[in-house]
file query36.cif (mmCIF, C-alpha atoms)
data_structure
loop_
_atom_site.label_atom_id
_atom_site.label_comp_id
_atom_site.auth_asym_id
_atom_site.auth_seq_id
_atom_site.Cartn_x
_atom_site.Cartn_y
_atom_site.Cartn_z
CA MET A 807 16.62 -36.68 15.15
CA HIS A 808 14.69 -39.76 14.15
CA THR A 809 11.04 -38.83 14.14
CA LEU A 810 8.85 -35.95 13.03
CA PHE A 811 8.15 -35.30 16.71
CA ASP A 812 11.89 -34.88 17.38
CA TYR A 813 12.19 -32.49 14.42
CA LEU A 814 9.22 -30.37 15.49
CA THR A 815 10.42 -30.29 19.10
CA HIS A 816 13.83 -29.09 17.91
CA THR A 817 12.49 -26.38 15.59
CA LYS A 818 9.94 -25.19 18.15
CA GLY A 819 12.63 -25.00 20.79
CA MET A 820 14.88 -22.96 18.50
CA THR A 821 11.95 -20.70 17.65
CA TYR A 822 11.21 -20.01 21.31
CA ILE A 823 14.85 -19.06 21.84
CA VAL A 824 14.95 -16.80 18.78
CA ALA A 825 11.63 -15.17 19.70
CA GLY A 826 12.85 -14.59 23.25
CA ILE A 827 16.06 -12.97 21.99
CA LEU A 828 14.08 -10.75 19.60
CA LEU A 829 11.73 -9.64 22.39
CA VAL A 830 14.70 -8.75 24.59
CA CYS A 831 16.32 -6.90 21.65
CA PHE A 832 13.16 -4.82 21.23
CA ILE A 833 13.96 -2.98 24.49
CA PRO A 834 17.26 -1.40 23.34
CA PHE A 835 15.68 -0.78 19.92
CA TRP A 836 12.84 1.18 21.56
CA GLN A 837 15.28 3.06 23.77
CA PHE A 838 17.41 3.94 20.73
CA LEU A 839 14.31 5.08 18.82
CA THR A 840 12.85 7.26 21.58
CA GLU A 841 16.03 8.81 22.99
CA ARG A 842 15.20 12.20 21.43
CA GLU A 843 11.79 12.22 23.15
CA ARG A 844 13.44 11.68 26.55
CA HIS A 845 15.92 14.50 25.91
CA ASP A 846 13.10 16.83 24.77
CA MET B 441 -28.80 24.70 -4.17
CA SER B 442 -25.63 26.24 -2.69
CA HIS B 443 -23.23 27.80 -5.13
CA PRO B 444 -19.87 26.06 -5.55
CA VAL B 445 -17.11 27.61 -3.50
CA SER B 446 -15.33 30.25 -5.54
CA THR B 447 -11.67 29.81 -6.32
CA ALA B 448 -11.05 33.02 -4.40
CA VAL B 449 -11.70 31.04 -1.19
CA SER B 450 -9.46 28.09 -2.04
CA PRO B 451 -5.79 28.99 -2.28
CA SER B 452 -5.24 27.55 -5.76
CA GLU B 453 -2.66 28.97 -8.14
CA PRO B 454 -3.71 30.56 -11.45
CA ARG B 455 -4.71 27.91 -13.98
CA LYS B 456 -2.18 27.16 -16.73
CA GLY B 457 -3.14 26.19 -20.27
CA LEU B 458 -3.87 22.57 -21.19
CA LEU B 459 -0.71 22.02 -23.25
CA THR B 460 1.75 21.74 -20.39
CA PRO B 461 4.61 19.21 -20.56
CA PHE B 462 2.94 17.17 -17.79
CA ASN B 463 -0.38 17.06 -19.66
CA LEU B 464 1.27 16.19 -22.97
CA ILE B 465 3.37 13.35 -21.55
CA SER B 466 0.52 11.96 -19.46
CA GLY B 467 -1.79 12.26 -22.47
CA VAL B 468 0.52 10.15 -24.61
CA ILE B 469 0.84 7.55 -21.85
CA LEU B 470 -2.93 7.39 -21.29
CA LEU B 471 -3.68 7.21 -25.02
CA GLY B 472 -1.20 4.37 -25.46
CA GLY B 473 -2.71 2.59 -22.47
CA ALA B 474 -6.20 2.94 -23.93
CA VAL B 475 -5.08 1.49 -27.26
CA ILE B 476 -3.40 -1.48 -25.56
CA LEU B 477 -6.46 -2.12 -23.38
CA ALA B 478 -8.65 -2.04 -26.50
CA LEU B 479 -6.31 -4.64 -28.02
CA ARG B 480 -6.49 -6.70 -24.84
CA PHE B 481 -10.29 -6.77 -24.82
CA THR B 482 -10.65 -7.45 -28.55
CA ARG B 483 -7.76 -9.86 -29.17
CA GLY B 484 -7.29 -11.41 -25.75
CA LEU B 485 -4.45 -11.71 -23.24
CA ALA B 486 -2.09 -13.48 -25.66
CA ALA B 487 -1.97 -10.40 -27.89
CA THR B 488 -0.86 -8.04 -25.14
CA THR B 489 0.73 -10.06 -22.33
CA ASN B 490 3.19 -12.87 -21.66
CA LEU B 491 0.70 -14.64 -19.42
CA SER B 492 0.14 -18.35 -19.96
CA HIS B 493 -1.33 -21.43 -18.28
CA THR B 494 1.99 -21.80 -16.43
CA ASN B 495 2.07 -18.12 -15.41
CA PRO B 496 -1.54 -16.96 -15.13
CA TRP B 497 -0.76 -14.05 -12.82
CA GLY B 498 1.81 -11.46 -13.86
CA LEU B 499 2.48 -7.75 -13.58
CA TRP B 500 -1.17 -6.68 -13.53
CA ILE B 501 -1.82 -8.82 -10.47
CA GLY B 502 1.64 -8.42 -8.95
CA PHE B 503 1.74 -4.65 -9.17
CA ASP B 504 -1.74 -3.28 -9.82
CA VAL B 505 -3.54 -5.56 -7.35
CA MET B 506 -1.01 -6.86 -4.79
CA SER B 507 1.29 -3.82 -4.58
CA GLY B 508 -1.54 -1.36 -5.21
CA VAL B 509 -3.53 -2.63 -2.23
CA ALA B 510 -0.47 -2.60 0.03
CA LEU B 511 0.58 0.92 -0.98
CA ALA B 512 -2.96 2.24 -0.55
CA ALA B 513 -2.94 1.11 3.09
CA GLY B 514 -1.98 4.61 4.24
CA GLY B 515 -5.66 5.54 4.25
CA PHE B 516 -6.78 3.14 6.96
CA VAL B 517 -3.56 3.59 8.97
CA THR B 518 -3.74 7.39 9.19
CA SER B 519 -7.52 7.60 9.62
CA SER B 520 -7.38 4.99 12.41
CA ALA B 521 -4.54 6.89 14.08
CA VAL B 522 -6.49 10.16 14.02
CA TYR B 523 -10.12 9.10 14.57
CA LEU B 524 -9.73 5.93 16.66
CA PHE B 525 -6.47 6.40 18.56
CA GLY B 526 -6.78 10.15 19.07
CA MET B 527 -3.54 11.18 17.33
CA LYS B 528 -5.00 14.47 16.12
CA GLU B 529 -1.60 15.87 15.12
CA TYR B 530 -1.75 13.67 11.98
CA LYS B 531 -5.06 15.14 10.77
CA PRO B 532 -3.41 17.24 8.01
CA VAL B 533 -2.27 14.05 6.24
CA VAL B 534 -5.55 12.12 6.53
CA ARG B 535 -7.32 13.62 3.51
CA PRO B 536 -4.38 13.22 1.11
CA ALA B 537 -3.90 9.66 2.41
CA ILE B 538 -7.61 8.82 2.01
CA LEU B 539 -7.63 10.26 -1.51
CA THR B 540 -4.46 8.33 -2.40
CA GLY B 541 -6.08 5.21 -0.94
CA PHE B 542 -9.30 5.72 -2.89
CA LEU B 543 -7.50 6.29 -6.18
CA GLY B 544 -5.19 3.38 -5.41
CA TYR B 545 -8.02 0.95 -4.74
CA PHE B 546 -9.89 2.22 -7.81
CA LEU B 547 -6.85 1.36 -9.87
CA VAL B 548 -6.71 -2.05 -8.20
CA VAL B 549 -10.19 -2.73 -9.56
CA LEU B 550 -9.22 -1.40 -13.02
CA GLY B 551 -6.07 -3.54 -13.05
CA LEU B 552 -8.11 -6.54 -11.99
CA LEU B 553 -10.64 -5.93 -14.76
CA ALA B 554 -7.83 -5.62 -17.31
CA ASP B 555 -6.44 -8.97 -16.17
CA LEU B 556 -9.73 -10.83 -15.73
CA GLY B 557 -11.64 -9.52 -18.70
CA ARG B 558 -15.46 -9.77 -18.88
CA PRO B 559 -15.92 -6.59 -16.80
CA TRP B 560 -19.73 -7.05 -16.78
CA ARG B 561 -19.14 -9.99 -14.44
CA LEU B 562 -17.65 -7.75 -11.72
CA PRO B 563 -20.73 -8.17 -9.42
CA TYR B 564 -20.65 -11.98 -9.81
CA PRO B 565 -18.72 -12.66 -6.56
CA PHE B 566 -21.74 -11.32 -4.69
CA ILE B 567 -24.26 -13.32 -6.73
CA ARG B 568 -22.47 -16.54 -7.64
CA GLN B 569 -19.44 -17.32 -5.55
CA ALA B 570 -17.43 -20.17 -4.10
CA GLY B 571 -18.70 -19.53 -0.61
CA PRO B 572 -17.26 -17.94 2.52
CA THR B 573 -14.36 -20.41 2.64
CA SER B 574 -12.84 -18.86 -0.49
CA PRO B 575 -10.04 -16.32 0.24
CA LEU B 576 -10.50 -14.85 -3.21
CA PHE B 577 -14.17 -14.20 -2.49
CA GLU B 578 -13.23 -12.57 0.81
CA VAL B 579 -10.72 -10.30 -0.98
CA ALA B 580 -13.33 -9.36 -3.59
CA LEU B 581 -15.92 -8.61 -0.92
CA CYS B 582 -13.58 -6.61 1.31
CA VAL B 583 -12.00 -4.64 -1.53
CA ALA B 584 -15.44 -3.75 -2.91
CA LEU B 585 -16.71 -2.70 0.52
CA TYR B 586 -13.52 -0.82 1.39
CA LEU B 587 -13.59 1.02 -1.94
CA THR B 588 -17.11 2.14 -1.02
CA VAL B 589 -15.91 3.21 2.44
CA LEU B 590 -13.01 5.15 0.90
CA PHE B 591 -15.34 6.81 -1.58
CA ILE B 592 -17.63 7.99 1.22
CA GLU B 593 -14.60 9.10 3.29
CA SER B 594 -13.41 11.13 0.28
CA THR B 595 -16.75 12.92 -0.21
CA PRO B 596 -16.33 15.58 2.55
CA ALA B 597 -13.76 17.41 0.41
CA ALA B 598 -16.08 17.35 -2.62
CA LEU B 599 -19.09 18.39 -0.55
CA GLU B 600 -17.15 21.32 0.92
CA TRP B 601 -16.07 22.31 -2.59
CA LEU B 602 -19.68 22.20 -3.74
CA GLY B 603 -20.94 23.99 -0.63
CA LEU B 604 -23.37 21.19 0.31
CA ARG B 605 -23.23 21.83 4.03
CA TRP B 606 -26.00 19.51 5.19
CA TRP B 607 -24.62 16.51 3.25
CA ARG B 608 -21.15 17.40 4.54
CA LYS B 609 -22.49 17.21 8.14
CA VAL B 610 -24.16 13.86 7.45
CA VAL B 611 -20.98 12.31 6.03
CA GLY B 612 -18.89 13.89 8.80
CA SER B 613 -21.07 12.22 11.44
CA MET B 614 -20.27 8.82 9.88
CA THR B 615 -16.48 9.30 10.12
CA VAL B 616 -15.77 7.09 13.14
CA ALA B 617 -18.05 4.29 11.90
CA LEU B 618 -16.44 4.42 8.45
CA THR B 619 -12.96 4.39 9.99
CA ILE B 620 -13.78 1.32 12.09
CA MET B 621 -15.20 -0.44 9.03
CA GLY B 622 -12.14 0.58 7.01
CA LEU B 623 -9.76 -0.82 9.64
CA ILE B 624 -11.61 -4.14 9.88
CA LEU B 625 -11.97 -4.52 6.11
CA SER B 626 -8.34 -3.55 5.48
CA THR B 627 -7.04 -6.00 8.09
CA MET B 628 -9.06 -8.72 6.42
CA HIS B 629 -8.15 -8.18 2.81
CA GLN B 630 -4.52 -7.11 3.30
CA SER B 631 -3.82 -10.39 5.05
CA THR B 632 -6.05 -12.51 2.80
CA LEU B 633 -4.14 -11.40 -0.28
CA GLY B 634 -1.27 -13.29 1.30
CA ALA B 635 -3.53 -16.12 2.42
CA MET B 636 -4.36 -16.83 -1.22
CA TYR B 637 -0.81 -18.14 -1.62
CA MET B 638 -1.21 -20.67 1.16
CA VAL B 639 -2.52 -23.14 -1.43
CA THR B 640 0.75 -22.90 -3.39
CA PRO B 641 3.42 -24.58 -1.19
CA THR B 642 4.82 -26.45 -4.19
CA LYS B 643 4.94 -23.38 -6.44
CA LEU B 644 6.11 -20.56 -4.16
CA HIS B 645 9.73 -20.81 -3.00
CA PRO B 646 9.95 -22.01 0.64
CA LEU B 647 11.67 -18.82 1.76
CA TRP B 648 8.63 -16.78 0.73
CA TYR B 649 6.02 -19.43 1.45
CA SER B 650 4.86 -19.61 5.06
CA GLY B 651 1.85 -20.63 7.07
CA HIS B 652 2.02 -17.08 8.42
CA ILE B 653 2.06 -15.31 5.06
CA PRO B 654 -1.19 -13.46 5.91
CA VAL B 655 0.59 -11.90 8.89
CA HIS B 656 3.58 -10.99 6.67
CA PHE B 657 1.31 -9.27 4.16
CA PHE B 658 -0.59 -7.32 6.81
CA ILE B 659 2.46 -6.01 8.69
CA SER B 660 4.26 -5.08 5.47
CA ALA B 661 1.10 -3.28 4.31
CA VAL B 662 1.18 -1.11 7.46
CA ALA B 663 4.81 -0.20 6.75
CA ALA B 664 4.02 0.38 3.06
CA GLY B 665 1.04 2.58 3.88
CA LEU B 666 2.99 4.79 6.28
CA SER B 667 5.87 5.07 3.79
CA MET B 668 3.51 5.90 0.95
CA VAL B 669 1.96 8.71 3.05
CA ILE B 670 5.48 10.10 3.55
CA VAL B 671 6.32 9.82 -0.17
CA GLU B 672 2.98 11.28 -1.25
CA GLY B 673 3.39 14.09 1.29
CA MET B 674 6.89 14.79 0.01
CA ILE B 675 5.60 15.21 -3.56
CA SER B 676 2.32 16.98 -2.69
CA HIS B 677 3.99 19.41 -0.31
CA ARG B 678 6.16 20.59 -3.18
CA ALA B 679 3.51 20.48 -5.92
CA PHE B 680 0.80 22.13 -3.83
CA HIS B 681 2.97 24.34 -1.62
CA HIS B 682 0.66 27.30 -2.33
CA GLN B 683 -2.20 25.43 -0.60
CA VAL B 684 -0.41 23.99 2.42
CA GLN B 685 -1.41 25.74 5.65
CA ILE B 686 0.66 23.84 8.18
CA SER B 687 4.10 25.13 9.13
CA GLN B 688 7.29 23.41 8.03
CA GLU B 689 7.84 22.48 11.67
CA GLN B 690 4.47 20.76 11.96
CA PHE B 691 5.03 19.01 8.62
CA GLN B 692 8.41 17.75 9.87
CA ARG B 693 6.87 16.56 13.16
CA ILE B 694 4.18 14.64 11.27
CA ASN B 695 6.73 12.98 8.99
CA LEU B 696 8.94 12.05 11.93
CA GLY B 697 5.94 10.53 13.69
CA LEU B 698 5.12 8.48 10.59
CA ALA B 699 8.77 7.42 10.47
CA LYS B 700 8.56 6.16 14.05
CA GLY B 701 5.51 4.07 13.17
CA ALA B 702 7.19 2.72 10.04
CA ALA B 703 10.35 1.83 12.01
CA VAL B 704 8.31 -0.20 14.51
CA ALA B 705 6.29 -1.85 11.72
CA LEU B 706 9.43 -2.83 9.81
CA ALA B 707 11.14 -4.11 12.97
CA THR B 708 8.08 -6.23 13.76
CA TYR B 709 8.00 -7.53 10.15
CA LEU B 710 11.69 -8.43 10.31
CA ALA B 711 11.18 -10.22 13.64
CA VAL B 712 8.22 -12.21 12.29
CA LYS B 713 10.25 -13.20 9.21
CA VAL B 714 13.23 -14.33 11.32
CA VAL B 715 10.95 -16.34 13.62
CA GLY B 716 9.36 -17.85 10.50
CA LEU B 717 12.75 -18.89 9.15
CA THR B 718 13.50 -20.66 12.43
CA LEU B 719 10.11 -22.35 12.73
CA GLU B 720 10.27 -23.68 9.15
CA ASP B 721 13.97 -24.62 9.60
CA GLU B 722 14.97 -22.71 6.46
CA TRP B 723 18.21 -21.05 7.56
CA HIS B 724 20.18 -23.41 5.33
CA LEU B 725 18.29 -22.07 2.29
CA LEU B 726 19.90 -18.65 2.75
CA GLY B 727 23.12 -20.11 1.31
CA THR B 728 21.48 -20.74 -2.07
CA GLY B 729 20.99 -18.34 -4.98
CA TRP B 730 17.36 -17.79 -4.02
CA GLY B 731 18.54 -17.28 -0.44
CA LEU B 732 20.78 -14.47 -1.58
CA TRP B 733 17.86 -12.82 -3.37
CA TYR B 734 15.77 -13.27 -0.20
CA LEU B 735 18.51 -11.57 1.83
CA VAL B 736 18.58 -8.67 -0.67
CA GLU B 737 14.87 -8.18 -0.01
CA LEU B 738 15.05 -8.69 3.75
CA LEU B 739 18.27 -6.84 4.56
CA GLY B 740 18.28 -4.20 1.81
CA PHE B 741 14.60 -3.33 1.78
CA VAL B 742 13.43 -4.13 5.35
CA LEU B 743 16.37 -3.94 7.77
CA LEU B 744 18.03 -0.98 6.03
CA PRO B 745 14.93 1.28 5.95
CA CYS B 746 14.14 0.22 9.53
CA ILE B 747 17.57 1.46 10.61
CA LEU B 748 17.22 4.61 8.48
CA PHE B 749 13.76 5.38 9.91
CA SER B 750 15.05 4.83 13.45
CA VAL B 751 18.10 7.07 12.98
CA ALA B 752 15.99 9.68 11.18
CA TYR B 753 13.40 9.80 13.99
CA ARG B 754 16.04 9.85 16.69
CA GLU B 755 17.98 12.68 15.08
CA GLY B 756 15.07 14.54 13.51
CA ARG B 757 16.33 14.21 9.91
CA LEU B 758 13.56 14.65 7.34
CA LEU B 759 15.68 13.77 4.29
CA LEU B 760 16.59 10.41 5.81
CA VAL B 761 12.88 9.77 6.47
CA ARG B 762 12.14 10.32 2.79
CA VAL B 763 14.97 8.08 1.62
CA ALA B 764 13.81 5.32 3.97
CA ALA B 765 10.21 5.71 2.80
CA VAL B 766 11.18 5.33 -0.87
CA ILE B 767 13.26 2.23 -0.06
CA THR B 768 10.34 0.73 1.91
CA VAL B 769 7.89 1.33 -0.94
CA ILE B 770 10.28 -0.33 -3.40
CA GLY B 771 10.81 -3.16 -0.92
CA VAL B 772 7.11 -3.92 -0.51
CA VAL B 773 6.63 -3.86 -4.28
CA LEU B 774 9.62 -6.21 -4.59
CA ASN B 775 8.12 -8.55 -2.00
CA ARG B 776 4.81 -8.65 -3.84
CA PHE B 777 6.63 -9.28 -7.15
CA ASN B 778 8.63 -12.08 -5.53
CA VAL B 779 5.50 -13.76 -4.18
CA THR B 780 3.50 -13.25 -7.39
CA PHE B 781 5.89 -14.14 -10.20
CA ILE B 782 9.60 -14.08 -9.32
CA ALA B 783 9.81 -16.69 -6.55
CA PHE B 784 6.56 -18.21 -7.81
CA ASN B 785 7.04 -21.17 -10.15
CA TRP B 786 10.69 -21.03 -9.08
CA GLU B 787 11.31 -24.60 -10.29
CA VAL B 788 9.90 -23.99 -13.77
CA PRO B 789 12.62 -24.08 -16.51
CA ALA B 790 14.09 -20.69 -17.42
CA GLY B 791 12.51 -20.74 -20.88
CA GLN B 792 9.03 -20.89 -19.37
CA ARG B 793 9.54 -18.23 -16.72
CA TYR B 794 7.41 -15.12 -16.88
CA VAL B 795 8.77 -11.76 -18.02
CA PRO B 796 6.30 -8.88 -18.35
CA HIS B 797 5.42 -7.83 -21.90
CA TRP B 798 6.14 -4.16 -22.67
CA MET B 799 2.40 -3.66 -23.19
CA GLU B 800 1.73 -4.86 -19.65
CA VAL B 801 4.27 -2.35 -18.37
CA TRP B 802 2.71 0.44 -20.46
CA VAL B 803 -0.79 -0.29 -19.12
CA THR B 804 0.51 -0.32 -15.55
CA VAL B 805 2.28 3.01 -16.09
CA ALA B 806 -0.93 4.35 -17.67
CA PHE B 807 -2.95 3.33 -14.61
CA ILE B 808 -0.46 5.07 -12.29
CA THR B 809 -0.50 8.17 -14.54
CA SER B 810 -4.29 8.29 -14.44
CA ALA B 811 -4.17 8.22 -10.63
CA VAL B 812 -1.63 11.05 -10.56
CA VAL B 813 -3.71 13.10 -13.02
CA ALA B 814 -6.87 12.49 -10.97
CA PHE B 815 -5.11 13.36 -7.70
CA ARG B 816 -3.77 16.56 -9.23
CA TRP B 817 -7.17 17.56 -10.62
CA ILE B 818 -8.90 16.95 -7.28
CA ALA B 819 -6.19 18.54 -5.11
CA ASN B 820 -6.10 21.65 -7.31
CA ARG B 821 -9.80 22.27 -6.76
CA MET B 822 -10.93 20.66 -3.50
CA PRO B 823 -9.76 21.15 0.09
CA ILE B 824 -7.38 18.19 0.27
CA MET B 825 -4.11 19.87 1.25
CA TYR B 826 -5.77 22.48 3.45
CA GLU B 827 -8.72 22.91 5.79
CA HIS B 828 -11.70 24.77 4.32
CA PRO B 829 -12.28 27.84 6.55
CA ASP B 830 -16.08 27.30 6.62
CA TYR B 831 -15.70 23.74 7.94
CA SER B 832 -12.71 24.00 10.25
CA GLY B 833 -12.87 21.79 13.33
CA MET B 834 -15.30 19.33 11.73
CA HIS B 835 -14.36 15.71 11.03
#
call {"tool": "encode", "arguments": {"input": "query36.cif", "output": "C-alpha cells"}}
result
Amino acid sequence: MHTLFDYLTHTKGMTYIVAGILLVCFIPFWQFLTERERHD
Amino acid sequence: MSHPVSTAVSPSEPRKGLLTPFNLISGVILLGGAVILALRFTRGLAATTNLSHTNPWGLWIGFDVMSGVALAAGGFVTSSAVYLFGMKEYKPVVRPAILTGFLGYFLVVLGLLADLGRPWRLPYPFIRQAGPTSPLFEVALCVALYLTVLFIESTPAALEWLGLRWWRKVVGSMTVALTIMGLILSTMHQSTLGAMYMVTPTKLHPLWYSGHIPVHFFISAVAAGLSMVIVEGMISHRAFHHQVQISQEQFQRINLGLAKGAAVALATYLAVKVVGLTLEDEWHLLGTGWGLWYLVELLGFVLLPCILFSVAYREGRLLLVRVAAVITVIGVVLNRFNVTFIAFNWEVPAGQRYVPHWMEVWVTVAFITSAVVAFRWIANRMPIMYEHPDYSGMH
C-alpha cells in the first residue's frame, strides 16, 4: 500500500466483506430469535 | 368545573404517613443536593466539582444530559410503536414510559442548568444562537421542543385525574401529531448528541470516535429506551401492583416483545460498530489497554445483553429479560461516560484526568431521587399504571 487511494480501497473492500458477512449472519440470528413464534 | 376524581375510583392503596423510610432517605438526599446546588451557584463550579479548562464536561453532562436523554428514549419508542406502527398490545406501557421520559428530560434540563449556570439565559439559544449549523443549538432546540411534546403527552393522565373531559378530548386528538413530532425530534437530538463529538477527533479515543457516531448514539438510544421501559416496568409493577389491571400473562408478553426489539437494536448496534472498526482500520487498536476497555463495553454490555435478550425471547424467560435490560442500561451509561470523560482526553497525563467530585455524584443522585419521588407521587394519584374507566378506549 503506497498511496491514500490504495489504503482507502483496501479498507473499503474489507468493510464490504464484513458488512456482507454480517447481513448474511442476520438471517440465522432472526431465525434463532423467532423460533418460538413459528412453533406457536 | 368538574370535581377531581375521587380516590374511590382510582385503585390506590391507603395513604401512609409522611415519615416513611423512603421519604426520610430521599429527603436527606434532596436536602443535601439543594445545599450543594446553592454552593455551586454562589461559589462557582470550582467549589463543588472537579471540572477544569482541560475537562469542562464531567458527570453532570455525561450522566444527567447524555445518559439521561438516552435512557428517556423509551417514550418516543413505545408511543411510536403504539400510535404510528399499530402495535396496540404495548399500550399499557406507553403512559409509564412517557412519564419516565418527561421526568427524565426535565432532569436533563436541570442537570444542564446546574452545569451551565446562569439559568436565566436558558431561552438564549432561541434568541441569540450560533445558527442552524451548530449541533449544540440543534440539541437545545430539539430537547426544548421534545420536553414540551412530552409534557403535553403526559397531560391526559392529569386531565383524567382532574375530570377535565373536554380538555382531555382535545389533547387526545393531538396524540398522533405529537407522536410524529416526538419521533422526529428524538431522532434528531439523540443522534446530534453524538454529532457534537465529531469536532473532537484529537481528544476522543479513535475506538470511540467515528464519523458515524450520530448513528451509534441513535441506535444505542433505541436499545436504552426499550431496556429502560423494561426496568421501569419491573419496578413499577411491584411498587404499584394494586393498580395494575393487565394480567401477568399480558405483562410477560409485553416484556418479551420489548426484549425482541432490544435484541434487534443491540444486534444492529454491534454490526454498525464492527463495520466502523473495519472502515476506520482500527482492529489493531483492540490489542491495547484502551482496546480491552472497548471490548469490555462492546462484548460485556452489547453482545452479552443481545444474546440474553434473544435467548429470553426465544424461551419466554422474563427474569432473563430483566437481567439483560439492566445490563443494557448500564452499558449505555458506560458508553456515554466513555465518550464524555473516560475515553475523552485519553492522552492527557493521569494527574490531569477527570474524576467526579463527591458533590457532583450527590447532586446526580439527588436529581434521580427527585424523579423517582415525582414518578411515585404522580403514579399514586393519576391513571398511569391503569386505564381510567371513564376514558377507556380513548388515546
call {"tool": "closest_atom_pairs", "arguments": {"input": "query36.cif", "of": "chain A", "to": "chain B", "cutoff": "9 Å", "atoms": "all atoms listed in the file", "output": "tab-separated table"}}
result
residue	atom	partner	partner_atom	distance
A:Leu814	CA	B:Leu719	CA	8.5
A:Thr817	CA	B:Leu719	CA	5.5
A:Lys818	CA	B:Leu719	CA	6.1
A:Gly819	CA	B:Leu719	CA	8.9
A:Met820	CA	B:Thr718	CA	6.6
A:Thr821	CA	B:Thr718	CA	5.4
A:Tyr822	CA	B:Val715	CA	8.5
A:Val824	CA	B:Val715	CA	6.5
A:Ala825	CA	B:Val715	CA	6.2
A:Leu828	CA	B:Ala711	CA	6.6
A:Leu829	CA	B:Ala711	CA	8.8
A:Phe832	CA	B:Ala707	CA	8.5
A:Phe835	CA	B:Ser750	CA	8.6
A:Trp836	CA	B:Val704	CA	8.5
A:Phe838	CA	B:Arg754	CA	7.3
A:Leu839	CA	B:Ser750	CA	5.4
A:Thr840	CA	B:Arg754	CA	6.4
A:Glu841	CA	B:Arg754	CA	6.4
A:Arg842	CA	B:Arg754	CA	5.4
A:Glu843	CA	B:Arg754	CA	8.1
call {"tool": "atom_distance", "arguments": {"input": "query36.cif", "atom1": "CA of Ile501 in chain B", "atom2": "CA of Leu552 in chain B"}}
result
6.9 Å
call {"tool": "atom_distance", "arguments": {"input": "query36.cif", "atom1": "CA of Leu458 in chain B", "atom2": "CA of Val813 in chain B"}}
result
12.5 Å
call {"tool": "atom_distance", "arguments": {"input": "query36.cif", "atom1": "CA of Leu491 in chain B", "atom2": "CA of Met799 in chain B"}}
result
11.7 Å
call {"tool": "resolve_selection", "arguments": {"input": "query36.cif", "expression": "the PyMOL selection byres ((chain B and resi 775) around 10)", "output": "PyMOL selection string"}}
result
chain B and resi 502+506-507+648+657+660+734+737-738+741+769-774+776-780+782-783
call {"tool": "closest_residue", "arguments": {"input": "query36.cif", "among": "B:Gly544, B:Trp497, B:Val803, B:His645", "to": "Leu726 in chain B", "atoms": "all atoms listed in the file"}}
result
B:His645
call {"tool": "residues_around", "arguments": {"input": "query36.cif", "residues": "Leu759 in chain B", "least_positions_apart": "6", "cutoff": "12 Å", "atoms": "only C-alpha atoms", "output": "NGL selection string"}}
result
:B and (670-671 or 674 or 692 or 695-696 or 699 or 748-749 or 751-753 or 765-766)
call {"tool": "resolve_selection", "arguments": {"input": "query36.cif", "expression": "the PyMOL selection byres ((chain B and resi 470-477) around 12)", "output": "MDAnalysis selection string"}}
result
chainID B and resid 462:469 478:485 487:489 550:551 553:555 557 797:813
call {"tool": "resolve_selection", "arguments": {"input": "query36.cif", "expression": "the PyMOL selection byres ((chain B and resi 793) around 12)", "output": "MDAnalysis selection string"}}
result
chainID B and resid 490:498 781:792 794:796
call {"tool": "decode", "arguments": {"input": "query36.cif", "residues": "range 816-827 of chain A", "atoms": "N, CA and C atoms", "output": "CSV table (one decimal), in the first residue's frame"}}
result
chain,number,residue,atom,x,y,z
A,816,HIS,N,-8.4,-0.6,0.1
A,816,HIS,CA,-8.3,-1.8,0.9
A,816,HIS,C,-9.3,-1.8,2.1
A,817,THR,N,-9.4,-0.7,2.8
A,817,THR,CA,-10.4,-0.6,3.9
A,817,THR,C,-11.8,-0.7,3.5
A,818,LYS,N,-12.1,-0.1,2.4
A,818,LYS,CA,-13.5,-0.2,1.8
A,818,LYS,C,-13.8,-1.6,1.4
A,819,GLY,N,-12.9,-2.2,0.8
A,819,GLY,CA,-13.1,-3.6,0.4
A,819,GLY,C,-13.3,-4.5,1.5
A,820,MET,N,-12.5,-4.4,2.6
A,820,MET,CA,-12.7,-5.2,3.8
A,820,MET,C,-14.1,-4.9,4.4
A,821,THR,N,-14.5,-3.6,4.4
A,821,THR,CA,-15.7,-3.2,5.0
A,821,THR,C,-16.9,-3.9,4.3
A,822,TYR,N,-16.8,-3.9,2.9
A,822,TYR,CA,-17.9,-4.5,2.2
A,822,TYR,C,-18.0,-6.0,2.5
A,823,ILE,N,-16.8,-6.6,2.7
A,823,ILE,CA,-16.8,-8.1,3.0
A,823,ILE,C,-17.5,-8.3,4.4
A,824,VAL,N,-17.0,-7.5,5.4
A,824,VAL,CA,-17.5,-7.6,6.7
A,824,VAL,C,-19.0,-7.3,6.8
A,825,ALA,N,-19.5,-6.3,6.1
A,825,ALA,CA,-20.9,-5.9,6.0
A,825,ALA,C,-21.7,-7.0,5.4
A,826,GLY,N,-21.2,-7.6,4.3
A,826,GLY,CA,-21.9,-8.7,3.7
A,826,GLY,C,-22.0,-9.9,4.6
A,827,ILE,N,-20.9,-10.2,5.3
A,827,ILE,CA,-21.0,-11.4,6.3
A,827,ILE,C,-22.0,-11.1,7.4
